[in-house]
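The next block holds one structure in the form of structure tokens; read it before the comments.
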Amino acid sequence: MDEKIIYRGVAASKGIGIGNVYIIKEQELVFENRSKDSAEEEKKRLERAISAFKEETLAMARDVKNRIGEKEAEIIEAHFMMAQDPELENVMIELIEEGNGAEAAVSNACDVFTEVIAKEEDDDTRQRISDITDVKSGILKKLLGIKEIDPNDLAKDTVLVAKELTPSFTAALKKDNVLAIITESGGMNSHAAILARALGIPAILSVPGITGLVKDGELVIADGNEGCVYVSPDEETVSKYKTAEEQSEKEKASHEEFRGKETLTKDGEKLEIFCNIGGAEDAVKAMEADGEGIGLFRTEYLYMESGKLPSEEEQFNAYKDVLDKVQNKPVIIRTLDMGGDKAIAYMNIKKEDNPFLGCRAVRYCLGNKDVFKSQLRAIMCASVHGDVKIMLPLVTCVEEIREAKKVLEEVKRGLKNENILFKDNVQIGCMAETASAAFTADILAKEVDFFSIGTNDLIQYVMSVDRGNSDVAYLYSAFHPAVLRAIKAIADAGRRAGIPVEMCGEAAAEVAMVPILISFGIRALSVNPANVLEVREAVSKWTKTEADAVTKKVLTLDNAADIEMLLKKAEKN
Ligand code: PEP
Ligand code: MG
């Protein structure tokens, strides 16, 4: 195998694309700063350009909503909102009145906004900067009459290579002709990455200098599973990848055999595969995917979407909507997990140096009891419409659970006084996702009805590695002995206390982890809808004795790479 020309980046969207390179060349947006026409004329040009941009953006948001999903459409809708932000437009008009041309006004106004927010150095800010850049170039292209490449015009076997892909361009791509995406920038959580995953297009991002390392029309293999790019691969490599692709198609077909079946280990022990959702639309997807319930309803989207605190009634409707969609299957509603990487502008949280270690999740809720009570009231009112459980995020000490339970009791008393119906026996559990929760799981277990292991955060807090920072992503692994020990400690404490332990982080969908989870006694896994059948099939291949034997070996190893290799070798086909 010729392994000479391999470039590596972030494996941002799984899958393999074998095709011919098409490099998206950045079009230079050239314009004069000063206007030759009158300010009135320039303002009219600006107005026409903004309105054409908005029209196009709205049409695209509608298309994305139909083709991909509501959450993804919101990324594009945000561009529409930016383009109609009166503050931004006022700055543009002022600049025109000072004698600038419409193009310079757009460019400078967007740069001013970028400069203001660039002072914050988190992922969310970087994302907003890339959104403003997208809006800026969109309006400028309208002013300059520059047409974007139409993704429909791309050849059937295209592997797109670019410095950066804007969310709007990515959203317009179709899986039919774009086999993969390779870029020089962007991380796992960039909007382009989210959209690529939603579209099912393999993506390798942050490959240094890739636009200068490949040529138009050159054959490449873009491996979105491993995050590597093979340039002009030899026949042996191509054939190896083609075989792997066929294998993966076969695997998808074999997962289908597990539709409508119970989740059982090879020796008949029952597990459950639930789904992670962000709202009612996802709940429909979860049911279509044969999920056995909802193991994690991330309620923060409700707060992020509305631009203001959702009223109790709005929340009730959202929860009831999900309960109706899942028809009596269990739904674990996680109370608001905001802060960290999920900032909600109208909540006016103080700027923090370390937001992941700051006023996030249950900490915020206990410090803002009105917000918390309103959510708990809405959940309790919805409780009569299905099988609801409440889950607290980011718990680090037992007092947080006790205080949250007190607030819940207060909410119940209030509802009783108002003669509003609710279920009195709604279970309350907590996410086990901090180092503290892992070390004190035995203490916490006495206060809750269940644990759900949130590996996304557990890895971050156990390994001291920002979950969104691609520079330290090499340390972010569920296979690290520290993370496995933390998971084991939580599972052991849950078993001793007689409470169920679920896992809802991304590691729950990692097929190689299945024997470990079976062996540790975790009996419910909550995954993205797309992974339900795959994980159910993986569970069916192991007996408890086999899983215990592999786990015993794993626990003797001292590093993540060796553990991952052992587990991947042990995977059963
Ligand atoms: C987790 O931390 O594993 C989790 C499931 O929650 P989130 O990704 O929303 O923090
Ligand atoms: Mg979490």
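All residue names refer to the structure tokens as shown: chains lettered A, B, ... in order, residues numbered from 1 in each chain, ligands numbered from 1 in order.
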
Excluding segment 464-469 of chain A and its own-chain neighbours fewer than 5 positions away, which residues fall within 12 Å of it when counting only C-alpha atoms? Please give them as number ranges by chain. A: 10, 12, 121-124, 126-127, 186-190, 340-342, 354-357, 434-435, 455-459, 474-478, 482-483, 506

As a quick test: using only C-alpha atoms and all ligand atoms, which residues lie no more than 12 Å away from ligand 2? Give them as JSON, numbers by chain. {"A": [276, 296, 297, 298, 300, 334, 335, 336, 337, 338, 339, 340, 341, 342, 356, 360, 361, 362, 391, 392, 393, 394, 395, 430, 431, 432, 433, 434, 452, 453, 454, 455, 456, 457, 458, 459, 460, 461, 467, 503, 504, 505, 506]}

Would you pick out the contacts of segment 238-252 of chain A at 9 Å or less, using only C-alpha atoms, so that residues sharing its chain but fewer than 2 positions from it are not included, and give the list as a PyMOL selection string? chain A and resi 15-16+18+221+223+233-236+254-256+533-534+573

Selection near Asp153 of chain A, 12 Å with only C-alpha atoms, sequence-local residues under 4 positions removed, as a CSV table (one decimal) with C-alpha atoms, in the first residue's frame:
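In the end it all went to around_39.csv:
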chain,number,residue,atom,x,y,z
A,22,TYR,CA,-12.9,20.0,-7.0
A,148,GLU,CA,-21.9,31.2,-6.1
A,149,ILE,CA,-21.0,27.8,-7.6
A,157,ASP,CA,-18.0,12.0,-8.1
A,158,THR,CA,-16.8,15.2,-6.5
A,172,ALA,CA,-26.9,23.5,-0.2
A,173,LEU,CA,-24.8,20.4,-1.0
A,174,LYS,CA,-26.3,17.1,-2.0
A,176,ASP,CA,-25.8,12.6,-4.7
A,177,ASN,CA,-22.8,14.4,-6.2
A,178,VAL,CA,-20.6,15.4,-3.3

For atom CA of Glu312 of chain A and atom CA of Gly69 of chain A, quote the distance in Å rounded to one decimal.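 For atom CA of Glu312 of chain A relative to atom CA of Gly69 of chain A, the distance reads 25.5 Å.
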
DSSP on the backbone, strand (DSSP E or B) only: what residues of segment 150-260 of chain A does that give? Format it as a list in words. Thr158, Val159, Leu160, Val161, Ala162, Val178, Leu179, Ala180, Ile181, Ile182, Thr183, Ala203, Ile204, Leu205, Leu219, Val220, Ile221, Ala222, Asp223, Cys228, Val229, Tyr230 and Val231 of chain A

Find the spatial neighbours of segment 301-305 of chain A, counting only C-alpha atoms, within a cut-off of 10 Å - ignore same-chain residues fewer than 5 positions away - and output them as a VMD selection string. chain A and resid 71 74 277 to 279 310 to 311 314 to 315 318 to 319 336 to 338 342 to 347

Once you have the residues from the selection above, write them out as a PDB file, in the first residue's frame, restricted to N, CA, C and O atoms.
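The resulting file, result25.pdb, is reproduced below:
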ATOM      1  N   LYS A  71     -33.345  21.742  13.207  1.00  0.00           N
ATOM      2  CA  LYS A  71     -32.171  22.292  13.926  1.00  0.00           C
ATOM      3  C   LYS A  71     -31.172  22.876  12.927  1.00  0.00           C
ATOM      4  O   LYS A  71     -30.607  23.927  13.142  1.00  0.00           O
ATOM      5  N   GLU A  74     -32.086  26.143  11.409  1.00  0.00           N
ATOM      6  CA  GLU A  74     -31.870  27.298  12.292  1.00  0.00           C
ATOM      7  C   GLU A  74     -30.510  27.955  12.043  1.00  0.00           C
ATOM      8  O   GLU A  74     -30.345  29.151  12.225  1.00  0.00           O
ATOM      9  N   ILE A 277     -32.643  13.271  22.198  1.00  0.00           N
ATOM     10  CA  ILE A 277     -33.396  14.173  21.314  1.00  0.00           C
ATOM     11  C   ILE A 277     -33.294  15.617  21.800  1.00  0.00           C
ATOM     12  O   ILE A 277     -32.913  15.874  22.933  1.00  0.00           O
ATOM     13  N   GLY A 278     -33.688  16.539  20.903  1.00  0.00           N
ATOM     14  CA  GLY A 278     -33.715  17.953  21.281  1.00  0.00           C
ATOM     15  C   GLY A 278     -35.110  18.535  21.151  1.00  0.00           C
ATOM     16  O   GLY A 278     -35.320  19.708  21.403  1.00  0.00           O
ATOM     17  N   GLY A 279     -36.079  17.725  20.727  1.00  0.00           N
ATOM     18  CA  GLY A 279     -37.442  18.239  20.581  1.00  0.00           C
ATOM     19  C   GLY A 279     -38.338  17.221  19.892  1.00  0.00           C
ATOM     20  O   GLY A 279     -37.917  16.088  19.625  1.00  0.00           O
ATOM     21  N   PRO A 310     -38.864  30.773  27.447  1.00  0.00           N
ATOM     22  CA  PRO A 310     -40.158  30.207  27.047  1.00  0.00           C
ATOM     23  C   PRO A 310     -41.112  30.214  28.238  1.00  0.00           C
ATOM     24  O   PRO A 310     -40.698  29.982  29.370  1.00  0.00           O
ATOM     25  N   SER A 311     -42.370  30.523  27.978  1.00  0.00           N
ATOM     26  CA  SER A 311     -43.346  30.560  29.074  1.00  0.00           C
ATOM     27  C   SER A 311     -43.587  29.136  29.556  1.00  0.00           C
ATOM     28  O   SER A 311     -43.246  28.157  28.869  1.00  0.00           O
ATOM     29  N   GLU A 314     -45.562  27.313  26.990  1.00  0.00           N
ATOM     30  CA  GLU A 314     -44.769  26.887  25.818  1.00  0.00           C
ATOM     31  C   GLU A 314     -43.955  25.634  26.156  1.00  0.00           C
ATOM     32  O   GLU A 314     -43.853  24.703  25.358  1.00  0.00           O
ATOM     33  N   GLN A 315     -43.404  25.627  27.360  1.00  0.00           N
ATOM     34  CA  GLN A 315     -42.612  24.456  27.754  1.00  0.00           C
ATOM     35  C   GLN A 315     -43.505  23.228  27.894  1.00  0.00           C
ATOM     36  O   GLN A 315     -43.180  22.149  27.405  1.00  0.00           O
ATOM     37  N   ALA A 318     -44.276  21.831  24.615  1.00  0.00           N
ATOM     38  CA  ALA A 318     -43.127  21.139  24.005  1.00  0.00           C
ATOM     39  C   ALA A 318     -42.941  19.759  24.635  1.00  0.00           C
ATOM     40  O   ALA A 318     -42.684  18.772  23.934  1.00  0.00           O
ATOM     41  N   TYR A 319     -43.083  19.660  25.954  1.00  0.00           N
ATOM     42  CA  TYR A 319     -42.898  18.370  26.625  1.00  0.00           C
ATOM     43  C   TYR A 319     -44.037  17.408  26.254  1.00  0.00           C
ATOM     44  O   TYR A 319     -43.819  16.232  25.976  1.00  0.00           O
ATOM     45  N   LEU A 336     -32.739  22.217  32.292  1.00  0.00           N
ATOM     46  CA  LEU A 336     -31.920  23.132  31.494  1.00  0.00           C
ATOM     47  C   LEU A 336     -30.405  22.997  31.747  1.00  0.00           C
ATOM     48  O   LEU A 336     -29.941  23.194  32.858  1.00  0.00           O
ATOM     49  N   ASP A 337     -29.688  22.650  30.678  1.00  0.00           N
ATOM     50  CA  ASP A 337     -28.225  22.556  30.760  1.00  0.00           C
ATOM     51  C   ASP A 337     -27.649  23.682  29.910  1.00  0.00           C
ATOM     52  O   ASP A 337     -27.257  23.473  28.765  1.00  0.00           O
ATOM     53  N   MET A 338     -27.684  24.877  30.443  1.00  0.00           N
ATOM     54  CA  MET A 338     -27.113  25.992  29.694  1.00  0.00           C
ATOM     55  C   MET A 338     -25.822  26.469  30.363  1.00  0.00           C
ATOM     56  O   MET A 338     -25.507  26.052  31.466  1.00  0.00           O
ATOM     57  N   LYS A 342     -23.006  26.289  25.561  1.00  0.00           N
ATOM     58  CA  LYS A 342     -24.341  26.682  25.103  1.00  0.00           C
ATOM     59  C   LYS A 342     -24.752  27.972  25.806  1.00  0.00           C
ATOM     60  O   LYS A 342     -25.325  27.947  26.889  1.00  0.00           O
ATOM     61  N   ALA A 343     -24.369  29.086  25.201  1.00  0.00           N
ATOM     62  CA  ALA A 343     -24.716  30.369  25.804  1.00  0.00           C
ATOM     63  C   ALA A 343     -26.070  30.804  25.262  1.00  0.00           C
ATOM     64  O   ALA A 343     -26.372  30.602  24.095  1.00  0.00           O
ATOM     65  N   ILE A 344     -26.890  31.361  26.120  1.00  0.00           N
ATOM     66  CA  ILE A 344     -28.175  31.874  25.668  1.00  0.00           C
ATOM     67  C   ILE A 344     -28.152  33.378  25.954  1.00  0.00           C
ATOM     68  O   ILE A 344     -28.166  33.794  27.116  1.00  0.00           O
ATOM     69  N   ALA A 345     -28.088  34.154  24.865  1.00  0.00           N
ATOM     70  CA  ALA A 345     -27.789  35.580  25.006  1.00  0.00           C
ATOM     71  C   ALA A 345     -28.734  36.284  25.980  1.00  0.00           C
ATOM     72  O   ALA A 345     -28.293  37.007  26.866  1.00  0.00           O
ATOM     73  N   TYR A 346     -30.057  36.050  25.858  1.00  0.00           N
ATOM     74  CA  TYR A 346     -30.993  36.833  26.668  1.00  0.00           C
ATOM     75  C   TYR A 346     -30.920  36.496  28.157  1.00  0.00           C
ATOM     76  O   TYR A 346     -31.495  37.178  28.983  1.00  0.00           O
ATOM     77  N   MET A 347     -30.224  35.442  28.513  1.00  0.00           N
ATOM     78  CA  MET A 347     -30.141  35.099  29.928  1.00  0.00           C
ATOM     79  C   MET A 347     -29.064  35.897  30.670  1.00  0.00           C
ATOM     80  O   MET A 347     -28.920  35.783  31.881  1.00  0.00           O
TER      81      MET A 347
END
